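*Asks:* Sending over a structure as structure tokens; questions will come in a sec.
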Amino acid sequence: MDYSSAVFYFFSFILLFSAIKVITARNPIFSALFLVLSFFSAAGLWLLLQAEFLAIALVLVYVGAVMVLFLFVIMMIDINVEVMKKGFWNYFPAIAFVSIVMLTEIILVLNQPFFKAPALFEAPKKSNTDAIGEVLYSDYVLPFEVAAIILLVAIIAAISLTLRGKKMHKGIDPALQIGVQKSDRIKMIEMKSEKVKIKKRTKRK
Amino acid sequence: MTDLIPQLNLLLPEIFIAIMAMFILLVGLFIDDKNKHISYGLSQFTLLCAGLITASIGFSQPQFAFNDMFIFDSLALFLKMMSYITLSIVFIYSKKYLFDKNLLNGEYFSLSFFALLGVMLMISSKNLLLMYMGLELLSLSLYALIALNRDDKKSNEAAIKYFVLGALASGLLLYGMSMLYGFSGSLDLYTIGNVIQTQNINSEILVFGLVFIVVGIAFKLGAVPFQMWVPDVYEGSVTPITMMISTIPKFAAVAMLIRFLFQGLESLIVDWQQMLLIMAILSMVIGNITAIAQKKIKRMLAYSTISHIGFVLLGFYVGTISGVQASIFYLSTYIIMTLAVFGLVILLSSSTKSIELIDDLKGLSQTHPWEAFLMMIVMFSLAGIPPTIGFYAKFSILQVVVDKEVVWPAIVAVISALIGMYYYLRIIRYMYFEKPTKKINIKTHFPMLSILTINAGGLLVLGIFPKTLMSISALAVGGSL
């Protein structure tokens with residue numbers, strides 16, 4: 001076993017272990033942290049394949065931004081995992097049956113010699129970032145733009161589904177405040193002065 | 001990249017729709033609630049212009065753009081034109097209902113246009129990547145549209161269900177695509193087709209990828225056994241949104257089916273024919289039988305949609321050009337009928353009381369004779385009774401199936417259509433021969449009623465002269481396959 005395959009097995013072992021822990025951990029925060037670990041080891045595998053841009057992007061974007069946000073969300077909403085996992089064992093036989101059937105089917109297909117051919121691996125002649133950037137803005141410019149529109153739709157959807165309009169804030173419009181006239185606020189009423197006797201008031205009570 | 005300008009010309013309708021979607025969104029922010037008809041007018045104007053632009057491209061030969069990712073052929077022209085008309089009619093029918101519910105805002109129009117953009121990209125894509133992007137654009141816009149009625153629990157439930165199942169279907173589709181990419185080394189559908197034909201690749205692996213792709217398409221079409229989401233989503237959404245879900249995405253799904261199965265993987269015909277046959281038969285039988293048991297109109301229409309999709313798939317199963325022509329003709333007919341029936345349901349629902357149960361239609365002919373008459377025409381057409389267009393649609397499908405000399409699917413189709421007649425005709429019986437149980441009070445919205453009359457009358461007129469629509473759809477398919 002040479003050095004690179006040793007590194008591969010090391011990372012993939014951690015990846016599998018942490019992936020399993022993600023779904024079995026009782027505490028959702030542990031799940032999220034194990035997900036971070038699995039992202040990290042996947043990034044290691046990518047580095048091994050000389051895809052350094054993808055590896056760095058995975059760590060920066062997913063570990064650095066997405067998972068931190070996830071952790072915030074998990075900490076803010078109080079999830080009771082025990083309740084969610086209730087009834088799991090009742091469904092277990094059906095789940096196990098379906099999974100085993102699917103697994104054997106997939107193994108039967110994937111055991112074909114086609115998938116066992118050695119991967120034709122060519123080291124890129126220039127840096128990964130260069131290569132991706134070049135095709136992204138030339139060959140794949142149309143899907144790239146469509147992806148931008150999809151993100152726009154996501155923003156529109158998120159805002160229109162969560163923004164509750166102006167009812168939410170109690171701020172005062174300065175323009176309205178300045179433009180106030182005397183007549184808007186003060187109402188002059190002419191009335192005669194009255195004499196109120198204290199005795200009468202007590203009687204009323 | 002060769003010359004950019006002629007390529008951009010080909011994409012002009014898409015670019016225009018995208019810009020107008022953003023523009024309408026911005027306009028919607030600056031107008032107050034009373035002036036919502038400005039966004040409405042702008043939307044109709046956009047659709048008209050998009051139609052003109054698309055027509056101005058015209059078609060002679062299939063044209064390609066952006067490294068052959070984008071294709072513009074007669075099929076794309078036809079389906080895009082149909083999508084514009086459909087969306088325009090959806091807007092006309094939805095306007096008053098959504099305005100009363102205070103849902104007629106810029107986001108509604110803008111998201112609808114983004115969904116349309118997704119449909120257009122899917123119709124015109126020859127590339128796995130672009131196809132997937134279009135699909136996601138369409139699906140995301142639809143999820144948001146369903147959830148737009150955010151204070152309603154049922155709408156939220158429908159949106160979540162659609163979202164989760166849609167994400168699963170997208171995942172399956174992607175898995176299939178990755179298999180295709182894995183053995184062919186290309187994302188281009190024509191290249192994949194060439195690789196399959198020239199190189200001797202183990203068919204088991206191909207079928208492995210094919211299964212996932214067919215599953216993804218079937219989910220979008222709502223064919224059995226991937227129909228679980230259809231009734232719930234139809235019922236949960238606001239009726240105008242239901243109308244949109246049941247019409248426009250079907251164009252995209254059918255285009256995806258044609259591009260994948262007929263233009264890319266046609267050498268695997270023996271394999272996907274069986275899959276389509278099973279789904280077609282199951283959809284027709286289960287759709288029609290389950291519809292009988294429904295008490296709510298929208299759920300009944302959902303199952304009726306499933307059975308119609310079965311017929312469309314049956315035409316594709318035949319695998320010949322005439323089969324595809326029959327399917328496209330059936331699809332067009334289905335869209336016209338669906339628009340009419342949902343338009344009537346919207347018309348009969350006022351902002352306070354909406355018609356939900358089939359029982360609510362009892363005695364409609366006494367209170368609203370004209371609406372009941374229109375409903376009768378639509379029901380006849382959905383059931384496939386001559387002289388409506390629904391009859392010719394079913395007839396043309398049966399004809400191509402019998403021409404293939406496989407008779408039993410045709411027999412099953414006829415039997416299931418006969419079963420289906422029961423619940424369509426039951427509505428007519430309720431409207432004409434029963435006493436009203438619930439008072440339906442509607443203020444007749446004249447412009448909408450007149451469009452509905454044209455729509456339902458069209459079913460009759462097209463039924464008497466079916467050649468026009470038939471030859472147009474035949475031309476559209478013939479020019480691109």
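To be explicit about the labels: the chains of the structure tokens are called A, B, and onward in the order shown, and within each one the residues are counted from 1, while ligands get numbers from 1 in the order they are shown.
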Please report, as a tab-separated table, each residue of chain B lying at most 6 Å from chain A, together with the nearest pair of atoms and the separation in Å rounded to one decimal; use only C-alpha atoms, and order rows by chain and ascending residue number.
*Replies:*
```
residue	atom	partner	partner_atom	distance
B:Leu130	CA	A:Pro143	CA	5.4
B:Leu137	CA	A:Ile150	CA	5.4
B:Ala144	CA	A:Ala157	CA	5.5
```
*Asks:* Please dump the current selection as a compact mmCIF listing (two decimals), in the first residue's frame; keep all heavy atoms.
*Replies:*
```txt
# COMPACT_ATOMS: atom_id res chain seq x y z
N LEU B 130 -28.38 21.55 -19.00
CA LEU B 130 -29.38 22.61 -19.20
C LEU B 130 -30.77 22.09 -18.85
O LEU B 130 -31.58 22.81 -18.26
CB LEU B 130 -29.33 23.10 -20.64
CG LEU B 130 -30.15 24.34 -20.92
CD1 LEU B 130 -29.67 25.49 -20.08
CD2 LEU B 130 -30.10 24.70 -22.38
N LEU B 137 -35.39 25.22 -12.07
CA LEU B 137 -36.00 26.56 -12.13
C LEU B 137 -37.51 26.45 -12.09
O LEU B 137 -38.19 27.14 -11.32
CB LEU B 137 -35.54 27.27 -13.40
CG LEU B 137 -36.02 28.70 -13.60
CD1 LEU B 137 -35.61 29.55 -12.43
CD2 LEU B 137 -35.45 29.27 -14.87
N ALA B 144 -42.68 27.64 -4.64
CA ALA B 144 -42.93 28.95 -4.03
C ALA B 144 -44.34 29.42 -4.34
O ALA B 144 -45.01 29.99 -3.48
CB ALA B 144 -41.90 29.95 -4.54
```
*Asks:* Leaving out range 5-21 of chain B and any residue of its chain fewer than 6 positions from it, which residues lie within 7 Å of it when counting only C-alpha atoms, given as number ranges by chain?
*Replies:* B: 46, 50, 53-54, 57, 65-66, 110, 113-114, 117
*Asks:* Of the candidates B:Gly363, B:Pro409, B:Gly236, B:Gly323, which one gets nearest to Leu282 in chain B if we count only C-alpha atoms?
*Replies:*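 Smallest distance to Leu282 in chain B is found for B:Pro409.
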*Asks:* Give me, please, the distance in Å between CA of Ser39 in chain B and CA of Ile24 in chain B, quoted to one decimal.
*Replies:*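 Interatomic distance here is 6.2 Å.
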*Asks:* Which residue out of A:Ile95, A:Ile23, A:Leu48, A:Ala32 has the minimum interatomic distance to Phe10 in chain A when only C-alpha atoms are used?
*Replies:* A:Leu48
*Asks:* Choose the residue, out of B:Val270, B:Ala372, B:Ala417, B:Ala169, that has the smallest atom-to-atom separation from Ala291 in chain B; count only C-alpha atoms.
*Replies:*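 Among the listed residues, B:Ala417 lies closest to Ala291 in chain B.
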*Asks:* To one decimal in Å, tell me the separation between CA of Asp188 in chain B and CA of Val214 in chain B.
*Replies:*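 Calculated distance between CA of Asp188 in chain B and CA of Val214 in chain B is 17.6 Å.
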*Asks:* I need the alpha helix (DSSP H) residues of range 176-355 of chain B per DSSP on the backbone, written as number ranges by chain.
*Replies:* B: 176-184, 189-198, 203-221, 229-236, 239-257, 269-292, 297-318, 321-348
*Asks:* Grab the CA of Ala223 in chain B to CA of Ile309 in chain B distance for me, in Å with one decimal place.
*Replies:*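 These atoms are spaced 6.4 Å apart.
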*Asks:* Any idea what's packed within 12 Å of range 458-472 of chain B, counting only C-alpha atoms, ignoring anything in its chain fewer than 4 positions away? Could you give it as an MDAnalysis selection string?
*Replies:* chainID B and resid 74:75 77:79 81:82 322 324:341 374:382 384:397 450:454 476:479
*Asks:* Give the answer as one residue: which of B:Gly193, B:Pro249, B:Gly216, B:Gly185 has the shortest atom-to-atom distance to Tyr132 in chain B, using only C-alpha atoms?
*Replies:*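 Using only C-alpha atoms, Tyr132 in chain B sits closest to B:Gly216.
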*Asks:* Could you give me, as a VMD selection string, the residues within 8 Å of Phe262 in chain B, counting only C-alpha atoms and dropping anything in the same chain fewer than 4 positions from it?
*Replies:* chain B and resid 257 to 258 266 319 481
